[in-house]
Amino acid sequence: MKDSVVVRRALPEDYAAFTRLFPELLVDDPVPSAEVWGSVLAPTTVVAVGGREVLGYCYFQAYAEVGYVRNLVVAPGARRSGVGQALLRATGEHLRAIGKTSWRLNVMPDNHAALALYTSVGMRTKYASKSFKLPWQALGALPNGNATPRALSPDRDAALEARFDVPRGQLATARTLGRILLEAVSHAEHVEPEPVGLAVFDPKFPGAFPFRVANLEAVRALLTAMRQHVPNDEHVSLVVESDPPLARLLKEVGASVRHEILHLEGSL
């Protein structure tokens with residue numbers, strides 16, 4: 001590792017370094033504002049500093065039992081010098097200290113250096129995902145059915161997390177970040193309503209992650225509810241996790257793949 005590199009908690013004044021490093025993620029997401037950095041990201045971010053320069057950062061979220069590494073970025077000039085390993089090690093130590101028993105993250109399959117780093121700490125691929133860009137005009141081509149969308153109330157978080165294999169506490173965290181939480185419920189005759197879809201929607205992007213359905217008829221219901229919040233946008237992004245039927249449906253109605261993603265998990 002580079003000499004005199006120190007890993008510490010991020011500070012609001014690290015924002016300039018964050019804006020310099022964020023594009024290295026190679027995604028087309030807008031750079032979060034200084035306000036979002038200071039109030040949302042920095043409190044659960046560690047940075048690696050060499051001299052006076054921030055060489056990288058790791059932003060994570062902590063749920064009930066799980067830690068989720070959301071961004072790990074190292075400056076181009078500091079790569080292959082142990083900075084990423086130091087950031088990941090510090091993050092893992094912090095997550096263990098606060099009682100988390102496992103951690104997970106998403107990575108591009110062609111990012112071989114990152115994959116080698118993550119597998120070196122015991123993470124393994126659990127499933128593959130795709131990020132889609134869907135034109136809103138395709139909404140009418142989706143199947144219609146008996147699913148009805150509605151806002152997800154906090155008292156139903158646990159049931160939806162269990163139903164769709166979402167880490168316990170992730171939905172509550174999303175709510176604190178200003179996301180719009182939606183569920184779709186079925187209303188089949190003589191059957192009690194049951195959850196058949198879940199979407200955590202960020203209208204600023206706009207996009208939904210997670211976006212999970214137990215029935216393809218829930219797709220149109222969830223998207224219809226999301227569309228009300230962004231009536232002037234032309235596209236929406238959706239992350240489809242280990243769901244080939246949903247991926248096929250989106251392609252059939254005109255969605256394009258933005259990114260291929262691998263989901264990795266490991267014990268702490």
# chains A, B, ... in the order shown; residues from 1 in each chain; ligands from 1
call {"tool": "residues_around", "arguments": {"residues": "stretch 7-23 of chain A", "least_positions_apart": "3", "cutoff": "6 Å", "atoms": "only C-alpha atoms", "output": "list in words"}}
result
Leu26, Gly38, Ala42, Thr45, Val46, Val47 and Ala48 of chain A
call {"tool": "residues_around", "arguments": {"residues": "stretch 170-185 of chain A", "least_positions_apart": "3", "cutoff": "6 Å", "atoms": "only C-alpha atoms", "output": "list in words"}}
result
Tyr63, Ala147, Thr148, Pro149, Arg150, Ala151, Leu152, Pro167, Pro193, Glu194, Pro195, Val196, Gly197, Leu198, Ala199, Val200, Phe201, Asp202 and Ala218 of chain A
call {"tool": "residues_around", "arguments": {"residues": "A:Arg212", "least_positions_apart": "2", "cutoff": "10 Å", "atoms": "only C-alpha atoms", "output": "VMD selection string"}}
result
chain A and resid 163 to 166 183 to 184 196 to 200 208 to 210 214 to 216 218 to 219 222 238 to 243 246
call {"tool": "write_last_selection", "arguments": {"atoms": "C-alpha atoms", "output": "PDB file, in the first residue's frame"}}
result
ATOM      1  CA  ARG A 163     -41.620 -12.078   0.820  1.00  0.00           C
ATOM      2  CA  PHE A 164     -39.000 -10.732  -1.593  1.00  0.00           C
ATOM      3  CA  ASP A 165     -35.759 -11.746   0.149  1.00  0.00           C
ATOM      4  CA  VAL A 166     -34.723  -8.189   0.977  1.00  0.00           C
ATOM      5  CA  GLU A 183     -46.175  -2.563  -3.150  1.00  0.00           C
ATOM      6  CA  ALA A 184     -48.558  -4.295  -5.549  1.00  0.00           C
ATOM      7  CA  VAL A 196     -47.055  -9.602  -5.562  1.00  0.00           C
ATOM      8  CA  GLY A 197     -44.632  -6.727  -6.184  1.00  0.00           C
ATOM      9  CA  LEU A 198     -42.232  -4.320  -4.491  1.00  0.00           C
ATOM     10  CA  ALA A 199     -40.538  -1.173  -5.788  1.00  0.00           C
ATOM     11  CA  VAL A 200     -38.231   1.293  -4.067  1.00  0.00           C
ATOM     12  CA  ALA A 208     -36.288   1.614  -8.934  1.00  0.00           C
ATOM     13  CA  PHE A 209     -34.062  -0.694  -6.884  1.00  0.00           C
ATOM     14  CA  PRO A 210     -35.119  -3.149  -5.640  1.00  0.00           C
ATOM     15  CA  ALA A 214     -43.918 -12.477  -7.868  1.00  0.00           C
ATOM     16  CA  ASN A 215     -46.315 -12.076 -10.798  1.00  0.00           C
ATOM     17  CA  LEU A 216     -45.585 -10.279 -14.079  1.00  0.00           C
ATOM     18  CA  ALA A 218     -47.526  -6.557 -10.978  1.00  0.00           C
ATOM     19  CA  VAL A 219     -45.032  -4.831 -13.298  1.00  0.00           C
ATOM     20  CA  LEU A 222     -45.935  -0.678  -9.973  1.00  0.00           C
ATOM     21  CA  LEU A 238     -35.122  -0.763 -13.275  1.00  0.00           C
ATOM     22  CA  VAL A 239     -32.728  -3.247 -11.666  1.00  0.00           C
ATOM     23  CA  VAL A 240     -33.866  -6.823 -12.308  1.00  0.00           C
ATOM     24  CA  GLU A 241     -32.253  -9.283  -9.905  1.00  0.00           C
ATOM     25  CA  SER A 242     -32.148 -12.983 -10.782  1.00  0.00           C
ATOM     26  CA  ASP A 243     -35.516 -12.869 -12.567  1.00  0.00           C
ATOM     27  CA  LEU A 246     -39.105 -10.210 -15.884  1.00  0.00           C
TER      28      LEU A 246
END
call {"tool": "select_by_dssp", "arguments": {"residues": "stretch 6-242 of chain A", "states": "strand (DSSP E)", "output": "MDAnalysis selection string"}}
result
chainID A and resid 6:9 45:50 53:62 66:74 102:107 124:135 147:151 180:186 195:202 207:213 235:241
call {"tool": "write_last_selection", "arguments": {"atoms": "C-alpha atoms", "output": "PDB file, in the first residue's frame"}}
result
ATOM      1  CA  VAL A   6      -4.700   6.434   6.565  1.00  0.00           C
ATOM      2  CA  VAL A   7      -8.304   5.215   6.479  1.00  0.00           C
ATOM      3  CA  ARG A   8     -10.723   7.419   8.426  1.00  0.00           C
ATOM      4  CA  ARG A   9     -14.388   8.321   8.564  1.00  0.00           C
ATOM      5  CA  THR A  45     -18.366   6.360   4.337  1.00  0.00           C
ATOM      6  CA  VAL A  46     -14.672   5.807   5.003  1.00  0.00           C
ATOM      7  CA  VAL A  47     -11.917   7.480   2.976  1.00  0.00           C
ATOM      8  CA  ALA A  48      -8.288   6.567   2.370  1.00  0.00           C
ATOM      9  CA  VAL A  49      -5.972   9.553   2.639  1.00  0.00           C
ATOM     10  CA  GLY A  50      -2.359   9.785   1.497  1.00  0.00           C
ATOM     11  CA  GLU A  53      -5.112  13.698  -0.936  1.00  0.00           C
ATOM     12  CA  VAL A  54      -8.167  11.451  -0.709  1.00  0.00           C
ATOM     13  CA  LEU A  55      -7.201   8.349  -2.701  1.00  0.00           C
ATOM     14  CA  GLY A  56     -10.483   6.471  -2.421  1.00  0.00           C
ATOM     15  CA  TYR A  57     -13.697   5.978  -0.502  1.00  0.00           C
ATOM     16  CA  CYS A  58     -16.117   3.239   0.515  1.00  0.00           C
ATOM     17  CA  TYR A  59     -19.785   4.051   1.123  1.00  0.00           C
ATOM     18  CA  PHE A  60     -21.890   1.417   2.862  1.00  0.00           C
ATOM     19  CA  GLN A  61     -25.292   0.953   4.467  1.00  0.00           C
ATOM     20  CA  ALA A  62     -25.943  -1.059   7.629  1.00  0.00           C
ATOM     21  CA  VAL A  66     -26.364  -7.147   6.838  1.00  0.00           C
ATOM     22  CA  GLY A  67     -23.889  -4.548   5.634  1.00  0.00           C
ATOM     23  CA  TYR A  68     -24.249  -3.405   2.019  1.00  0.00           C
ATOM     24  CA  VAL A  69     -21.209  -1.899   0.283  1.00  0.00           C
ATOM     25  CA  ARG A  70     -22.704   0.574  -2.188  1.00  0.00           C
ATOM     26  CA  ASN A  71     -19.585   2.282  -3.625  1.00  0.00           C
ATOM     27  CA  LEU A  72     -15.912   1.411  -3.432  1.00  0.00           C
ATOM     28  CA  VAL A  73     -13.756   3.735  -5.536  1.00  0.00           C
ATOM     29  CA  VAL A  74      -9.985   4.148  -5.777  1.00  0.00           C
ATOM     30  CA  SER A 102     -22.721 -10.717   6.556  1.00  0.00           C
ATOM     31  CA  TRP A 103     -22.102  -8.228   3.795  1.00  0.00           C
ATOM     32  CA  ARG A 104     -22.952  -7.881   0.137  1.00  0.00           C
ATOM     33  CA  LEU A 105     -22.349  -5.673  -2.878  1.00  0.00           C
ATOM     34  CA  ASN A 106     -22.865  -5.359  -6.638  1.00  0.00           C
ATOM     35  CA  VAL A 107     -20.039  -5.293  -9.188  1.00  0.00           C
ATOM     36  CA  ARG A 124     -18.993 -15.165  -3.709  1.00  0.00           C
ATOM     37  CA  THR A 125     -21.465 -14.519  -6.535  1.00  0.00           C
ATOM     38  CA  LYS A 126     -25.045 -15.257  -5.492  1.00  0.00           C
ATOM     39  CA  TYR A 127     -26.817 -14.175  -8.691  1.00  0.00           C
ATOM     40  CA  ALA A 128     -26.585 -12.025 -11.803  1.00  0.00           C
ATOM     41  CA  SER A 129     -28.684  -8.909 -12.371  1.00  0.00           C
ATOM     42  CA  LYS A 130     -29.374  -6.413 -15.142  1.00  0.00           C
ATOM     43  CA  SER A 131     -30.092  -2.711 -15.056  1.00  0.00           C
ATOM     44  CA  PHE A 132     -32.666  -1.777 -17.721  1.00  0.00           C
ATOM     45  CA  LYS A 133     -33.644   1.533 -19.291  1.00  0.00           C
ATOM     46  CA  LEU A 134     -37.352   1.380 -20.109  1.00  0.00           C
ATOM     47  CA  PRO A 135     -39.183   4.018 -22.182  1.00  0.00           C
ATOM     48  CA  ALA A 147     -52.652  -6.269  -9.177  1.00  0.00           C
ATOM     49  CA  THR A 148     -53.211  -2.930  -7.458  1.00  0.00           C
ATOM     50  CA  PRO A 149     -50.389  -0.568  -6.428  1.00  0.00           C
ATOM     51  CA  ARG A 150     -50.324   1.250  -3.121  1.00  0.00           C
ATOM     52  CA  ALA A 151     -47.878   3.025  -0.841  1.00  0.00           C
ATOM     53  CA  ILE A 180     -40.946   6.188  -2.543  1.00  0.00           C
ATOM     54  CA  LEU A 181     -41.861   2.678  -1.386  1.00  0.00           C
ATOM     55  CA  LEU A 182     -44.609   0.857  -3.263  1.00  0.00           C
ATOM     56  CA  GLU A 183     -46.175  -2.563  -3.150  1.00  0.00           C
ATOM     57  CA  ALA A 184     -48.558  -4.295  -5.549  1.00  0.00           C
ATOM     58  CA  VAL A 185     -51.229  -6.582  -4.123  1.00  0.00           C
ATOM     59  CA  SER A 186     -53.387  -9.122  -5.899  1.00  0.00           C
ATOM     60  CA  PRO A 195     -48.159  -8.810  -2.009  1.00  0.00           C
ATOM     61  CA  VAL A 196     -47.055  -9.602  -5.562  1.00  0.00           C
ATOM     62  CA  GLY A 197     -44.632  -6.727  -6.184  1.00  0.00           C
ATOM     63  CA  LEU A 198     -42.232  -4.320  -4.491  1.00  0.00           C
ATOM     64  CA  ALA A 199     -40.538  -1.173  -5.788  1.00  0.00           C
ATOM     65  CA  VAL A 200     -38.231   1.293  -4.067  1.00  0.00           C
ATOM     66  CA  PHE A 201     -38.403   4.306  -6.364  1.00  0.00           C
ATOM     67  CA  ASP A 202     -36.084   7.290  -6.577  1.00  0.00           C
ATOM     68  CA  GLY A 207     -35.259   4.482 -11.176  1.00  0.00           C
ATOM     69  CA  ALA A 208     -36.288   1.614  -8.934  1.00  0.00           C
ATOM     70  CA  PHE A 209     -34.062  -0.694  -6.884  1.00  0.00           C
ATOM     71  CA  PRO A 210     -35.119  -3.149  -5.640  1.00  0.00           C
ATOM     72  CA  PHE A 211     -37.825  -3.887  -8.193  1.00  0.00           C
ATOM     73  CA  ARG A 212     -39.246  -7.327  -7.407  1.00  0.00           C
ATOM     74  CA  VAL A 213     -42.372  -9.108  -8.636  1.00  0.00           C
ATOM     75  CA  HIS A 235     -37.348   6.717 -19.406  1.00  0.00           C
ATOM     76  CA  VAL A 236     -37.100   4.877 -16.109  1.00  0.00           C
ATOM     77  CA  SER A 237     -34.322   2.583 -14.875  1.00  0.00           C
ATOM     78  CA  LEU A 238     -35.122  -0.763 -13.275  1.00  0.00           C
ATOM     79  CA  VAL A 239     -32.728  -3.247 -11.666  1.00  0.00           C
ATOM     80  CA  VAL A 240     -33.866  -6.823 -12.308  1.00  0.00           C
ATOM     81  CA  GLU A 241     -32.253  -9.283  -9.905  1.00  0.00           C
TER      82      GLU A 241
END
call {"tool": "closest_residue", "arguments": {"among": "A:Val27, A:Ala162, A:Leu88, A:Leu139", "to": "A:Met123", "atoms": "only C-alpha atoms"}}
result
A:Leu88
call {"tool": "closest_residue", "arguments": {"among": "A:Ile261, A:Glu65, A:Pro206, A:Ser33", "to": "A:Arg96", "atoms": "only C-alpha atoms"}}
result
A:Glu65
call {"tool": "atom_distance", "arguments": {"atom1": "atom CA of A:Ala64", "atom2": "atom CA of A:Ile98"}}
result
10.0 Å
call {"tool": "atom_distance", "arguments": {"atom1": "atom CA of A:Gly169", "atom2": "atom CA of A:Pro154"}}
result
10.5 Å
call {"tool": "decode", "arguments": {"residues": "stretch 187-225 of chain A", "atoms": "N, CA and C atoms", "output": "PDB file, in the first residue's frame"}}
result
ATOM      1  N   HIS A 187     -55.760  -9.092  -6.197  1.00  0.00           N
ATOM      2  CA  HIS A 187     -57.153  -9.086  -5.743  1.00  0.00           C
ATOM      3  C   HIS A 187     -57.928 -10.156  -6.506  1.00  0.00           C
ATOM      4  N   ALA A 188     -57.325 -11.337  -6.583  1.00  0.00           N
ATOM      5  CA  ALA A 188     -58.016 -12.440  -7.241  1.00  0.00           C
ATOM      6  C   ALA A 188     -59.284 -12.813  -6.462  1.00  0.00           C
ATOM      7  N   GLU A 189     -60.295 -13.243  -7.172  1.00  0.00           N
ATOM      8  CA  GLU A 189     -61.573 -13.559  -6.548  1.00  0.00           C
ATOM      9  C   GLU A 189     -61.407 -14.678  -5.520  1.00  0.00           C
ATOM     10  N   HIS A 190     -62.040 -14.506  -4.355  1.00  0.00           N
ATOM     11  CA  HIS A 190     -62.057 -15.476  -3.260  1.00  0.00           C
ATOM     12  C   HIS A 190     -60.674 -15.698  -2.635  1.00  0.00           C
ATOM     13  N   VAL A 191     -59.740 -14.775  -2.872  1.00  0.00           N
ATOM     14  CA  VAL A 191     -58.401 -14.906  -2.311  1.00  0.00           C
ATOM     15  C   VAL A 191     -58.071 -13.625  -1.554  1.00  0.00           C
ATOM     16  N   GLU A 192     -57.517 -13.777  -0.363  1.00  0.00           N
ATOM     17  CA  GLU A 192     -57.102 -12.607   0.404  1.00  0.00           C
ATOM     18  C   GLU A 192     -55.995 -11.860  -0.353  1.00  0.00           C
ATOM     19  N   PRO A 193     -56.024 -10.523  -0.341  1.00  0.00           N
ATOM     20  CA  PRO A 193     -54.962  -9.772  -1.025  1.00  0.00           C
ATOM     21  C   PRO A 193     -53.585 -10.192  -0.514  1.00  0.00           C
ATOM     22  N   GLU A 194     -52.663 -10.375  -1.426  1.00  0.00           N
ATOM     23  CA  GLU A 194     -51.306 -10.742  -1.051  1.00  0.00           C
ATOM     24  C   GLU A 194     -50.319  -9.888  -1.842  1.00  0.00           C
ATOM     25  N   PRO A 195     -49.139  -9.619  -1.286  1.00  0.00           N
ATOM     26  CA  PRO A 195     -48.159  -8.810  -2.009  1.00  0.00           C
ATOM     27  C   PRO A 195     -47.569  -9.579  -3.185  1.00  0.00           C
ATOM     28  N   VAL A 196     -47.604  -8.960  -4.362  1.00  0.00           N
ATOM     29  CA  VAL A 196     -47.055  -9.602  -5.562  1.00  0.00           C
ATOM     30  C   VAL A 196     -45.981  -8.740  -6.215  1.00  0.00           C
ATOM     31  N   GLY A 197     -45.673  -7.579  -5.614  1.00  0.00           N
ATOM     32  CA  GLY A 197     -44.632  -6.727  -6.184  1.00  0.00           C
ATOM     33  C   GLY A 197     -44.137  -5.709  -5.179  1.00  0.00           C
ATOM     34  N   LEU A 198     -42.876  -5.299  -5.363  1.00  0.00           N
ATOM     35  CA  LEU A 198     -42.232  -4.320  -4.491  1.00  0.00           C
ATOM     36  C   LEU A 198     -41.346  -3.425  -5.331  1.00  0.00           C
ATOM     37  N   ALA A 199     -41.413  -2.116  -5.100  1.00  0.00           N
ATOM     38  CA  ALA A 199     -40.538  -1.173  -5.788  1.00  0.00           C
ATOM     39  C   ALA A 199     -40.089  -0.097  -4.813  1.00  0.00           C
ATOM     40  N   VAL A 200     -38.796   0.168  -4.808  1.00  0.00           N
ATOM     41  CA  VAL A 200     -38.231   1.293  -4.067  1.00  0.00           C
ATOM     42  C   VAL A 200     -37.787   2.299  -5.119  1.00  0.00           C
ATOM     43  N   PHE A 201     -38.526   3.382  -5.226  1.00  0.00           N
ATOM     44  CA  PHE A 201     -38.403   4.306  -6.364  1.00  0.00           C
ATOM     45  C   PHE A 201     -37.738   5.607  -5.961  1.00  0.00           C
ATOM     46  N   ASP A 202     -36.753   5.999  -6.752  1.00  0.00           N
ATOM     47  CA  ASP A 202     -36.084   7.290  -6.577  1.00  0.00           C
ATOM     48  C   ASP A 202     -36.474   8.186  -7.749  1.00  0.00           C
ATOM     49  N   PRO A 203     -37.393   9.135  -7.546  1.00  0.00           N
ATOM     50  CA  PRO A 203     -37.860   9.967  -8.664  1.00  0.00           C
ATOM     51  C   PRO A 203     -36.807  10.925  -9.193  1.00  0.00           C
ATOM     52  N   LYS A 204     -35.734  11.161  -8.432  1.00  0.00           N
ATOM     53  CA  LYS A 204     -34.696  12.074  -8.901  1.00  0.00           C
ATOM     54  C   LYS A 204     -33.838  11.449  -9.986  1.00  0.00           C
ATOM     55  N   PHE A 205     -33.824  10.117 -10.042  1.00  0.00           N
ATOM     56  CA  PHE A 205     -32.946   9.451 -11.007  1.00  0.00           C
ATOM     57  C   PHE A 205     -33.506   9.463 -12.422  1.00  0.00           C
ATOM     58  N   PRO A 206     -34.729   8.983 -12.771  1.00  0.00           N
ATOM     59  CA  PRO A 206     -35.595   8.168 -11.930  1.00  0.00           C
ATOM     60  C   PRO A 206     -35.285   6.684 -12.136  1.00  0.00           C
ATOM     61  N   GLY A 207     -35.497   5.909 -11.072  1.00  0.00           N
ATOM     62  CA  GLY A 207     -35.259   4.482 -11.176  1.00  0.00           C
ATOM     63  C   GLY A 207     -35.713   3.762  -9.931  1.00  0.00           C
ATOM     64  N   ALA A 208     -35.833   2.437 -10.042  1.00  0.00           N
ATOM     65  CA  ALA A 208     -36.288   1.614  -8.934  1.00  0.00           C
ATOM     66  C   ALA A 208     -35.297   0.500  -8.660  1.00  0.00           C
ATOM     67  N   PHE A 209     -34.915   0.382  -7.375  1.00  0.00           N
ATOM     68  CA  PHE A 209     -34.062  -0.694  -6.884  1.00  0.00           C
ATOM     69  C   PHE A 209     -34.269  -0.801  -5.382  1.00  0.00           C
ATOM     70  N   PRO A 210     -34.733  -1.953  -4.900  1.00  0.00           N
ATOM     71  CA  PRO A 210     -35.119  -3.149  -5.640  1.00  0.00           C
ATOM     72  C   PRO A 210     -36.420  -2.948  -6.425  1.00  0.00           C
ATOM     73  N   PHE A 211     -36.580  -3.793  -7.438  1.00  0.00           N
ATOM     74  CA  PHE A 211     -37.825  -3.887  -8.193  1.00  0.00           C
ATOM     75  C   PHE A 211     -38.100  -5.380  -8.323  1.00  0.00           C
ATOM     76  N   ARG A 212     -39.007  -5.880  -7.487  1.00  0.00           N
ATOM     77  CA  ARG A 212     -39.246  -7.327  -7.407  1.00  0.00           C
ATOM     78  C   ARG A 212     -40.721  -7.622  -7.665  1.00  0.00           C
ATOM     79  N   VAL A 213     -40.991  -8.696  -8.403  1.00  0.00           N
ATOM     80  CA  VAL A 213     -42.372  -9.108  -8.636  1.00  0.00           C
ATOM     81  C   VAL A 213     -42.487 -10.617  -8.485  1.00  0.00           C
ATOM     82  N   ALA A 214     -43.599 -11.057  -7.930  1.00  0.00           N
ATOM     83  CA  ALA A 214     -43.918 -12.477  -7.868  1.00  0.00           C
ATOM     84  C   ALA A 214     -44.830 -12.870  -9.012  1.00  0.00           C
ATOM     85  N   ASN A 215     -45.394 -11.871  -9.683  1.00  0.00           N
ATOM     86  CA  ASN A 215     -46.315 -12.076 -10.798  1.00  0.00           C
ATOM     87  C   ASN A 215     -46.065 -10.957 -11.799  1.00  0.00           C
ATOM     88  N   LEU A 216     -45.902 -11.289 -13.075  1.00  0.00           N
ATOM     89  CA  LEU A 216     -45.585 -10.279 -14.079  1.00  0.00           C
ATOM     90  C   LEU A 216     -46.690  -9.241 -14.230  1.00  0.00           C
ATOM     91  N   GLU A 217     -47.894  -9.570 -13.797  1.00  0.00           N
ATOM     92  CA  GLU A 217     -48.974  -8.589 -13.858  1.00  0.00           C
ATOM     93  C   GLU A 217     -48.737  -7.438 -12.885  1.00  0.00           C
ATOM     94  N   ALA A 218     -47.833  -7.628 -11.932  1.00  0.00           N
ATOM     95  CA  ALA A 218     -47.526  -6.557 -10.978  1.00  0.00           C
ATOM     96  C   ALA A 218     -46.639  -5.485 -11.589  1.00  0.00           C
ATOM     97  N   VAL A 219     -45.974  -5.788 -12.696  1.00  0.00           N
ATOM     98  CA  VAL A 219     -45.032  -4.831 -13.298  1.00  0.00           C
ATOM     99  C   VAL A 219     -45.759  -3.554 -13.715  1.00  0.00           C
ATOM    100  N   ARG A 220     -46.834  -3.711 -14.451  1.00  0.00           N
ATOM    101  CA  ARG A 220     -47.579  -2.538 -14.921  1.00  0.00           C
ATOM    102  C   ARG A 220     -48.151  -1.743 -13.749  1.00  0.00           C
ATOM    103  N   ALA A 221     -48.638  -2.437 -12.742  1.00  0.00           N
ATOM    104  CA  ALA A 221     -49.215  -1.750 -11.579  1.00  0.00           C
ATOM    105  C   ALA A 221     -48.169  -0.889 -10.882  1.00  0.00           C
ATOM    106  N   LEU A 222     -46.992  -1.438 -10.648  1.00  0.00           N
ATOM    107  CA  LEU A 222     -45.935  -0.678  -9.973  1.00  0.00           C
ATOM    108  C   LEU A 222     -45.474   0.498 -10.829  1.00  0.00           C
ATOM    109  N   LEU A 223     -45.281   0.262 -12.125  1.00  0.00           N
ATOM    110  CA  LEU A 223     -44.808   1.335 -12.999  1.00  0.00           C
ATOM    111  C   LEU A 223     -45.844   2.449 -13.130  1.00  0.00           C
ATOM    112  N   THR A 224     -47.117   2.090 -13.146  1.00  0.00           N
ATOM    113  CA  THR A 224     -48.173   3.107 -13.218  1.00  0.00           C
ATOM    114  C   THR A 224     -48.114   4.023 -12.008  1.00  0.00           C
ATOM    115  N   ALA A 225     -47.884   3.447 -10.833  1.00  0.00           N
ATOM    116  CA  ALA A 225     -47.776   4.260  -9.620  1.00  0.00           C
ATOM    117  C   ALA A 225     -46.527   5.116  -9.644  1.00  0.00           C
TER     118      ALA A 225
END
